[in-house]
Amino acid sequence: MVLQNKEIEVRNLGLIDYQEAWDYQASLFDGILAVKAENRQKEQAGETLAVTENYLLLCSHPHVYTLGKSGHEENLLINEEGLKAKGATFYKINRGGDITYHGPGQVVGYPILDLDNFFTDIHKYLRYLEEAVILTLQEYGITAGRIAGLTGVWLDHEEQRNPRKICAMGVKCSRWVTMHGFALNVNTDLDYFNNIVPCGISDKQVTSLAKELGREVPVAEVEEKLVKNLAKLFDATIRYSNT
């Protein structure tokens, strides 16, 4: 019998190079998969199974554009020289979704969870990530929600007179282990989105918490609220780590 571990270890990486964070994610992801592979052998031998760990990495990145495996490179609207002029980098990565931007002033979250510890439903997982952001924005007096067929969190999602995305999402899942995640615009320089067709959607805008409130918001405060809401939705306990 598989023992469920509903503890999530939160590791705050601060401002970190995108490739470095990606490699770190991959090492944790591969570690969980290795434990699950060993467990399959133990199960056949009737041995006690090991518990798998869950992590949430919080960070922000220097200016970077990332393109998901189903994305279109033409949605990057500047060339290599333009990237250099903007002090930005570009990566093709192994998550779902199209192109997005990461930069200072965002809360980027990478949940590396074994969904066997919670529930095995990737659509429910994405909806829970969105809901955690929606609940967090609610605490700032901002009403946000979903637009049918479009992953992420949006403002003016009902009447859609001026719908604008405040949080992008893109995940990878293998054997019910997740990586990649979400990017919530807090004090983000939105001008960087002008160099892409965000998430491949040309007819909608992007926004940030600071833009909507007319003031900067402490990123650590937003992270704390997000973690609290994620824990509630996943019925998880949280442990902070300095690692």
# chains A, B, ... in the order shown; residues from 1 in each chain; ligands from 1
>>> residues_around(residues="region 222-226 of chain A", least_positions_apart="5", cutoff="9 Å", atoms="only C-alpha atoms", output="MDAnalysis selection string")
chainID A and resid 58 107 109 132:133 135:137 139 186 217 231
>>> write_last_selection(atoms="C-alpha atoms", output="mmCIF file, in the first residue's frame")
data_model
loop_
_atom_site.group_PDB
_atom_site.id
_atom_site.type_symbol
_atom_site.label_atom_id
_atom_site.label_comp_id
_atom_site.auth_asym_id
_atom_site.auth_seq_id
_atom_site.Cartn_x
_atom_site.Cartn_y
_atom_site.Cartn_z
ATOM 1 C CA LEU A 58 9.235 30.006 -5.266
ATOM 2 C CA VAL A 107 6.002 35.338 -8.206
ATOM 3 C CA GLY A 109 5.924 28.945 -8.491
ATOM 4 C CA ALA A 132 -5.036 29.501 -5.325
ATOM 5 C CA VAL A 133 -4.186 32.576 -7.397
ATOM 6 C CA LEU A 135 -8.175 33.398 -3.803
ATOM 7 C CA THR A 136 -4.943 35.338 -3.308
ATOM 8 C CA LEU A 137 -6.096 38.156 -5.595
ATOM 9 C CA GLU A 139 -7.455 39.170 -0.603
ATOM 10 C CA VAL A 186 3.004 41.367 -9.122
ATOM 11 C CA VAL A 217 2.970 45.112 -3.500
ATOM 12 C CA ALA A 231 -2.127 24.378 1.293
#
>>> residues_around(residues="Thr237 (chain A)", least_positions_apart="2", cutoff="10 Å", atoms="only C-alpha atoms", output="list in words")
Asn5, Lys6, Glu7, Ile8, Glu9, Lys228, Leu230, Ala231, Lys232, Phe234, Asp235 and Arg239 of chain A
>>> closest_residue(among="A:Gln19, A:Asn12, A:Asn195, A:Thr143", to="Glu131 (chain A)", atoms="only C-alpha atoms")
A:Thr143
>>> closest_residue(among="A:Ser208, A:Asn75, A:Ser27, A:Thr120", to="Trp176 (chain A)", atoms="only C-alpha atoms")
A:Thr120
>>> atom_distance(atom1="CA of Val108 (chain A)", atom2="CA of Arg175 (chain A)")
23.4 Å
